[in-house]
Amino acid sequence: MDQQEFIQRTEAQKTRLYRAAFAYLGGEAAALEAVDEAVYQALRNLRHLRQPEYFETWLTRILINECGRELRRLMRLRPAEYLPEAGEDFNYDALPLREAVARLPRKLRQIIVLRYFGDLTLAETARTLGIPQGTVVTRQRRALALLRLELEEGNI
Amino acid sequence: MNRNEEYKALRDSLVETPSQLAYTVTKAVKRKKASRKRTRILGIPAGSLAVCFVAFMLLVNLFPPFARACGGVPVLRELAKAVTWSPSLSAAVEDEYVQSVGQEQRKNGITARVEYLIVDQKQLNVFYTLDTDQYGQLDADGAVTLPDGGDGYSSSSGSYGTPNGDLRQLTVDFVDRDMPEGLTLTLNVYQSAYDENGIAMEPAEETMEDTYFKVQTHDPKILAVFTFDLTFDPWFTAQGETVAVGKTFQLDSQTLTLKQAEIYPTHLRLDLGYDPDNTAWLTGLDFYVENERGERFVPVTNGISATGEENSPSMVTYWMDTTYFSNSKELKLYITQARWLEKSREKIRLNLATEEHDPLPDGTELAGILHLERGYLLTFREKQYREGWMYSLWNGHLDAGGTAESFSSSVSSYGYQEPDTGEYLDGSVSGFFYETVPLPDYQGTEVWLKPVFTRVTDFSAPAAISIR
């Protein structure tokens, strides 16, 4: 893939990436930082992309890695604002959805972010995270139950 | 509002995206361009050059017309592709200045093959491949041993992350001695921590303090060790010419001498001297060399770009693309920018509690000091002296007892998040960037910082010095 194609395909993806990063990190500035860094890292490593047909999931995986890194940084910098993830016995009902998503265990949060904010299909989510589709389904069910969300495919 | 309505409202609120998102891709392209240009200044005392490994990014596809031209010569096609980042090595391949090797070894399911050498009096470039049908992506740490066991060289690899089967490169530079008749290359091969796309599947759990304060270790599990005895064609190792110049000139009220130009097939070195009575040390130059046909040759942008001397902060040898293959009769040096370390400002005092400090290098401001459990992080806003250029401004520091320490790491970024207010500052908009340096386990309240330069002078009419 050459740089021109990278620019075109990334431009088409950046709103979706921003939505996913916002859901992961819970704020505009942090989401912008993660998207900026992910796009740069993707461009820098473009020569390593072996399957251009999976560019969008590859770029999303880089974003998820960057979101994880950014969140750890923010938790160190602003511990009062960025709380650690909560367990499955935590009462997520008491929090607004945005904050509840941010407190989910990392593996469940990734699924919610990718499926319901990044608009990836089950297969794309599985490929992005490098896990089987069955695992995505299981984690999705657990995450939705914790958040008390009842979303069907048509809601996305 | 139930949860589903809340989800819908949150999704709707994200239909409008911040205006800065419009520049995300443009900024990434600019930043990548800048990292290509970023020069790495290595102050290596000529008398005590130790073996060091410098990882640098390869520049690819810079010279597609050249790659296409070599594409018609089967044996050189692959090599031409591997050296497109270097005008000097590209010229060498185009001129068939290449020694073929073809040594292959297989161990533990891994095949290592040394294909080509590009070697002259002062620099060796080894091109080799690694392949396997048992493991995933491979990487290798390369090292060389001289027949006399001596040192006086520096080796670097820019090939980490090269796909299996593709040509990798190891470069060895000799400064205070010439190329030997041969040497031994050792490759320690291990499985890469990255997948075939160059991305870590599970990034290391690392806190911000780890990023700055953790001592970085590199201790991979070695899968195979390969040893190749390489013998050089003496015609190649004899190549190189020194042009005595001996011209003294004034630059920005300082007195310098262009002593000589060393012209090798792989690169060109300009050796400068200075008047000890100068009020500033020369620590960086922007320049180009032009021949009688108007062809321009520019400084090395990856790898060693300048070397210093043992007893001063001056950079006295500047490395650039070679004119060797250009058949130039006349060469003239044009200096467009000089970076100086003023002798009166070699140490800059900073109070860590009050943030009071001596005048910082021109174009630099203190953005903030963060006191963490494992030490201080100092962040400076620094000027981009040319578009997209980020550099390391700080050499190290002195503690209250006067002991000199190097900074263990520094991180440069266009953006900076103000720790107290959380405000995100984008320096690139106004021609700046941010550099953060760590002071690990620092006990004192004052520190003396050692800048690389304090003053930068641009010459709208470049200073011109004839080389020959």
# chains A, B, ... in the order shown; residues from 1 in each chain; ligands from 1
>>> select_by_dssp(residues="range 373-451 of chain B", states="helix (DSSP H, G or I)", output="list in words")
Gly427, Ser428, Val429 and Ser430 of chain B
>>> write_last_selection(atoms="C-alpha atoms", output="mmCIF file, in the first residue's frame")
data_model
loop_
_atom_site.group_PDB
_atom_site.id
_atom_site.type_symbol
_atom_site.label_atom_id
_atom_site.label_comp_id
_atom_site.auth_asym_id
_atom_site.auth_seq_id
_atom_site.Cartn_x
_atom_site.Cartn_y
_atom_site.Cartn_z
ATOM 1 C CA GLY B 427 3.475 22.751 19.669
ATOM 2 C CA SER B 428 3.613 21.935 15.955
ATOM 3 C CA VAL B 429 1.004 24.620 15.207
ATOM 4 C CA SER B 430 3.478 27.340 16.189
#
>>> residues_around(residues="Leu114 in chain A", least_positions_apart="2", cutoff="9 Å", atoms="only C-alpha atoms", output="ChimeraX atom specification")
/A:20,60,64,109-112,116-121,124-125,128
>>> residues_around(residues="Thr242 in chain B", least_positions_apart="6", cutoff="7 Å", atoms="only C-alpha atoms", output="ChimeraX atom specification")
/B:260-263
>>> residues_around(residues="Thr364 in chain B", least_positions_apart="3", cutoff="8 Å", atoms="only C-alpha atoms", output="PyMOL selection string")
chain B and resi 360-361+380-383
>>> closest_atom_pairs(of="chain A", to="chain B", cutoff="8 Å", atoms="only C-alpha atoms", output="tab-separated table")
residue	atom	partner	partner_atom	distance
A:Ile7	CA	B:Val25	CA	6.6
A:Thr10	CA	B:Val25	CA	7.2
A:Glu11	CA	B:Val25	CA	6.9
A:Lys14	CA	B:Leu21	CA	7.6
A:Thr15	CA	B:Thr17	CA	7.1
A:Tyr18	CA	B:Thr17	CA	7.8
A:Arg19	CA	B:Leu14	CA	6.4
A:Glu28	CA	B:Pro18	CA	7.7
A:Ala29	CA	B:Tyr424	CA	6.6
A:Leu32	CA	B:Leu21	CA	6.9
A:Val35	CA	B:Thr24	CA	7.5
A:Asp36	CA	B:Thr24	CA	5.4
A:Glu37	CA	B:Ala28	CA	7.9
A:Val39	CA	B:Ala28	CA	6.4
A:Tyr40	CA	B:Ala28	CA	4.5
A:Leu43	CA	B:Ala28	CA	7.2
A:Arg44	CA	B:Lys32	CA	6.5
A:Asn45	CA	B:Gly198	CA	6.6
A:His48	CA	B:Asn197	CA	4.5
A:Leu49	CA	B:Asn197	CA	5.0
A:Arg50	CA	B:Asn197	CA	6.4
A:Ile62	CA	B:Ile199	CA	7.3
A:Asn65	CA	B:Pro203	CA	6.7
A:Arg69	CA	B:Glu206	CA	7.7
A:Arg72	CA	B:Thr207	CA	6.2
A:Arg73	CA	B:Met208	CA	5.5
A:Arg76	CA	B:Met208	CA	6.9
A:Leu77	CA	B:Pro419	CA	6.7
A:Arg78	CA	B:Pro419	CA	7.9
A:Leu97	CA	B:Glu6	CA	6.8
A:Arg98	CA	B:Leu10	CA	7.7
A:Phe117	CA	B:Arg11	CA	7.4
A:Leu147	CA	B:Arg3	CA	7.8
A:Arg148	CA	B:Arg3	CA	6.6
A:Leu149	CA	B:Arg3	CA	5.7
A:Glu150	CA	B:Asn4	CA	6.7
A:Leu151	CA	B:Asn4	CA	7.3
>>> atom_distance(atom1="CA of Glu78 in chain B", atom2="CA of Glu295 in chain B")
26.9 Å
>>> atom_distance(atom1="CA of Ala306 in chain B", atom2="CA of Tyr318 in chain B")
4.4 Å
>>> residues_around(residues="Ala42 in chain A", least_positions_apart="4", cutoff="7 Å", atoms="only C-alpha atoms", output="number ranges by chain")
A: 38, 46, 59
>>> select_by_dssp(residues="range 311-433 of chain B", states="strand (DSSP E)", output="ChimeraX atom specification")
/B:312-320,331-342,348-351,365-372,375-383,394-398,404-406,411-413,415-417,424-426,432-433
>>> atom_distance(atom1="CA of Gly388 in chain B", atom2="CA of Glu435 in chain B")
13.8 Å
>>> residues_around(residues="Met320 in chain B", least_positions_apart="2", cutoff="7 Å", atoms="only C-alpha atoms", output="PyMOL selection string")
chain B and resi 267-269+298-300+318+322
>>> closest_residue(among="A:Glu88, A:Glu70, A:Val136, A:Leu144", to="Phe22 in chain A", atoms="only C-alpha atoms")
A:Glu70
>>> residues_around(residues="Gly182 in chain B", least_positions_apart="2", cutoff="8 Å", atoms="only C-alpha atoms", output="list in words")
Leu146, Pro147, Met179, Pro180, Thr184, Asp229, Leu230, Thr231 and Phe232 of chain B
>>> closest_residue(among="B:Ser460, B:His218, B:Asn108, B:Tyr116", to="Leu167 in chain B", atoms="only C-alpha atoms")
B:Tyr116
>>> closest_residue(among="B:Phe453, B:Phe174, B:Trp85, B:Tyr414", to="Trp394 in chain B", atoms="only C-alpha atoms")
B:Phe453
>>> closest_residue(among="B:Ala464, B:Val225, B:Leu331, B:Val172", to="Arg106 in chain B", atoms="only C-alpha atoms")
B:Val225
>>> decode(residues="range 103-137 of chain A", atoms="N, CA and C atoms", output="mmCIF file, in the first residue's frame")
data_model
loop_
_atom_site.group_PDB
_atom_site.id
_atom_site.type_symbol
_atom_site.label_atom_id
_atom_site.label_comp_id
_atom_site.auth_asym_id
_atom_site.auth_seq_id
_atom_site.Cartn_x
_atom_site.Cartn_y
_atom_site.Cartn_z
ATOM 1 N N ARG A 103 -14.811 1.766 33.259
ATOM 2 C CA ARG A 103 -14.426 0.953 34.427
ATOM 3 C C ARG A 103 -14.470 -0.551 34.150
ATOM 4 N N LEU A 104 -14.980 -0.946 32.970
ATOM 5 C CA LEU A 104 -15.073 -2.382 32.666
ATOM 6 C C LEU A 104 -13.692 -3.024 32.645
ATOM 7 N N PRO A 105 -13.589 -4.306 32.981
ATOM 8 C CA PRO A 105 -12.310 -4.998 32.784
ATOM 9 C C PRO A 105 -11.851 -4.833 31.328
ATOM 10 N N ARG A 106 -10.537 -4.700 31.140
ATOM 11 C CA ARG A 106 -9.981 -4.332 29.835
ATOM 12 C C ARG A 106 -10.515 -5.197 28.683
ATOM 13 N N LYS A 107 -10.558 -6.511 28.893
ATOM 14 C CA LYS A 107 -10.947 -7.398 27.797
ATOM 15 C C LYS A 107 -12.411 -7.203 27.407
ATOM 16 N N LEU A 108 -13.256 -6.871 28.379
ATOM 17 C CA LEU A 108 -14.664 -6.622 28.073
ATOM 18 C C LEU A 108 -14.828 -5.239 27.451
ATOM 19 N N ARG A 109 -14.061 -4.279 27.984
ATOM 20 C CA ARG A 109 -14.150 -2.914 27.457
ATOM 21 C C ARG A 109 -13.765 -2.891 25.976
ATOM 22 N N GLN A 110 -12.721 -3.653 25.611
ATOM 23 C CA GLN A 110 -12.281 -3.681 24.213
ATOM 24 C C GLN A 110 -13.428 -4.119 23.293
ATOM 25 N N ILE A 111 -14.195 -5.105 23.746
ATOM 26 C CA ILE A 111 -15.287 -5.616 22.912
ATOM 27 C C ILE A 111 -16.360 -4.548 22.730
ATOM 28 N N ILE A 112 -16.763 -3.901 23.835
ATOM 29 C CA ILE A 112 -17.800 -2.860 23.756
ATOM 30 C C ILE A 112 -17.346 -1.722 22.842
ATOM 31 N N VAL A 113 -16.115 -1.319 23.038
ATOM 32 C CA VAL A 113 -15.567 -0.207 22.253
ATOM 33 C C VAL A 113 -15.573 -0.547 20.761
ATOM 34 N N LEU A 114 -15.083 -1.727 20.430
ATOM 35 C CA LEU A 114 -14.957 -2.089 19.015
ATOM 36 C C LEU A 114 -16.310 -2.372 18.375
ATOM 37 N N ARG A 115 -17.185 -3.077 19.103
ATOM 38 C CA ARG A 115 -18.465 -3.473 18.511
ATOM 39 C C ARG A 115 -19.448 -2.304 18.456
ATOM 40 N N TYR A 116 -19.555 -1.532 19.551
ATOM 41 C CA TYR A 116 -20.657 -0.572 19.656
ATOM 42 C C TYR A 116 -20.238 0.886 19.432
ATOM 43 N N PHE A 117 -18.934 1.139 19.386
ATOM 44 C CA PHE A 117 -18.482 2.501 19.070
ATOM 45 C C PHE A 117 -17.580 2.490 17.825
ATOM 46 N N GLY A 118 -16.806 1.400 17.651
ATOM 47 C CA GLY A 118 -15.957 1.294 16.459
ATOM 48 C C GLY A 118 -16.690 0.651 15.300
ATOM 49 N N ASP A 119 -17.896 0.165 15.528
ATOM 50 C CA ASP A 119 -18.749 -0.405 14.473
ATOM 51 C C ASP A 119 -18.094 -1.567 13.726
ATOM 52 N N LEU A 120 -17.328 -2.385 14.428
ATOM 53 C CA LEU A 120 -16.747 -3.569 13.776
ATOM 54 C C LEU A 120 -17.730 -4.734 13.885
ATOM 55 N N THR A 121 -17.682 -5.623 12.894
ATOM 56 C CA THR A 121 -18.489 -6.845 12.957
ATOM 57 C C THR A 121 -17.824 -7.815 13.939
ATOM 58 N N LEU A 122 -18.538 -8.911 14.208
ATOM 59 C CA LEU A 122 -17.949 -9.942 15.083
ATOM 60 C C LEU A 122 -16.620 -10.426 14.529
ATOM 61 N N ALA A 123 -16.613 -10.717 13.216
ATOM 62 C CA ALA A 123 -15.397 -11.262 12.582
ATOM 63 C C ALA A 123 -14.260 -10.244 12.642
ATOM 64 N N GLU A 124 -14.593 -8.971 12.384
ATOM 65 C CA GLU A 124 -13.545 -7.924 12.408
ATOM 66 C C GLU A 124 -13.008 -7.727 13.829
ATOM 67 N N THR A 125 -13.909 -7.795 14.808
ATOM 68 C CA THR A 125 -13.473 -7.646 16.208
ATOM 69 C C THR A 125 -12.534 -8.799 16.584
ATOM 70 N N ALA A 126 -12.902 -10.000 16.163
ATOM 71 C CA ALA A 126 -12.068 -11.168 16.466
ATOM 72 C C ALA A 126 -10.696 -11.013 15.827
ATOM 73 N N ARG A 127 -10.670 -10.567 14.565
ATOM 74 C CA ARG A 127 -9.392 -10.411 13.868
ATOM 75 C C ARG A 127 -8.556 -9.294 14.512
ATOM 76 N N THR A 128 -9.215 -8.222 14.898
ATOM 77 C CA THR A 128 -8.502 -7.093 15.509
ATOM 78 C C THR A 128 -7.819 -7.513 16.808
ATOM 79 N N LEU A 129 -8.540 -8.288 17.612
ATOM 80 C CA LEU A 129 -8.003 -8.654 18.927
ATOM 81 C C LEU A 129 -7.222 -9.968 18.895
ATOM 82 N N GLY A 130 -7.252 -10.650 17.734
ATOM 83 C CA GLY A 130 -6.533 -11.918 17.628
ATOM 84 C C GLY A 130 -7.128 -13.006 18.506
ATOM 85 N N ILE A 131 -8.469 -13.021 18.617
ATOM 86 C CA ILE A 131 -9.137 -14.047 19.427
ATOM 87 C C ILE A 131 -10.245 -14.694 18.591
ATOM 88 N N PRO A 132 -10.709 -15.906 18.968
ATOM 89 C CA PRO A 132 -11.766 -16.552 18.186
ATOM 90 C C PRO A 132 -13.091 -15.781 18.291
ATOM 91 N N GLN A 133 -13.941 -15.941 17.269
ATOM 92 C CA GLN A 133 -15.241 -15.250 17.279
ATOM 93 C C GLN A 133 -16.089 -15.667 18.473
ATOM 94 N N GLY A 134 -15.996 -16.960 18.850
ATOM 95 C CA GLY A 134 -16.771 -17.455 19.989
ATOM 96 C C GLY A 134 -16.424 -16.699 21.261
ATOM 97 N N THR A 135 -15.141 -16.371 21.418
ATOM 98 C CA THR A 135 -14.698 -15.619 22.595
ATOM 99 C C THR A 135 -15.278 -14.203 22.574
ATOM 100 N N VAL A 136 -15.346 -13.621 21.373
ATOM 101 C CA VAL A 136 -15.934 -12.280 21.254
ATOM 102 C C VAL A 136 -17.387 -12.321 21.715
ATOM 103 N N VAL A 137 -18.109 -13.368 21.257
ATOM 104 C CA VAL A 137 -19.531 -13.483 21.607
ATOM 105 C C VAL A 137 -19.686 -13.599 23.127
#
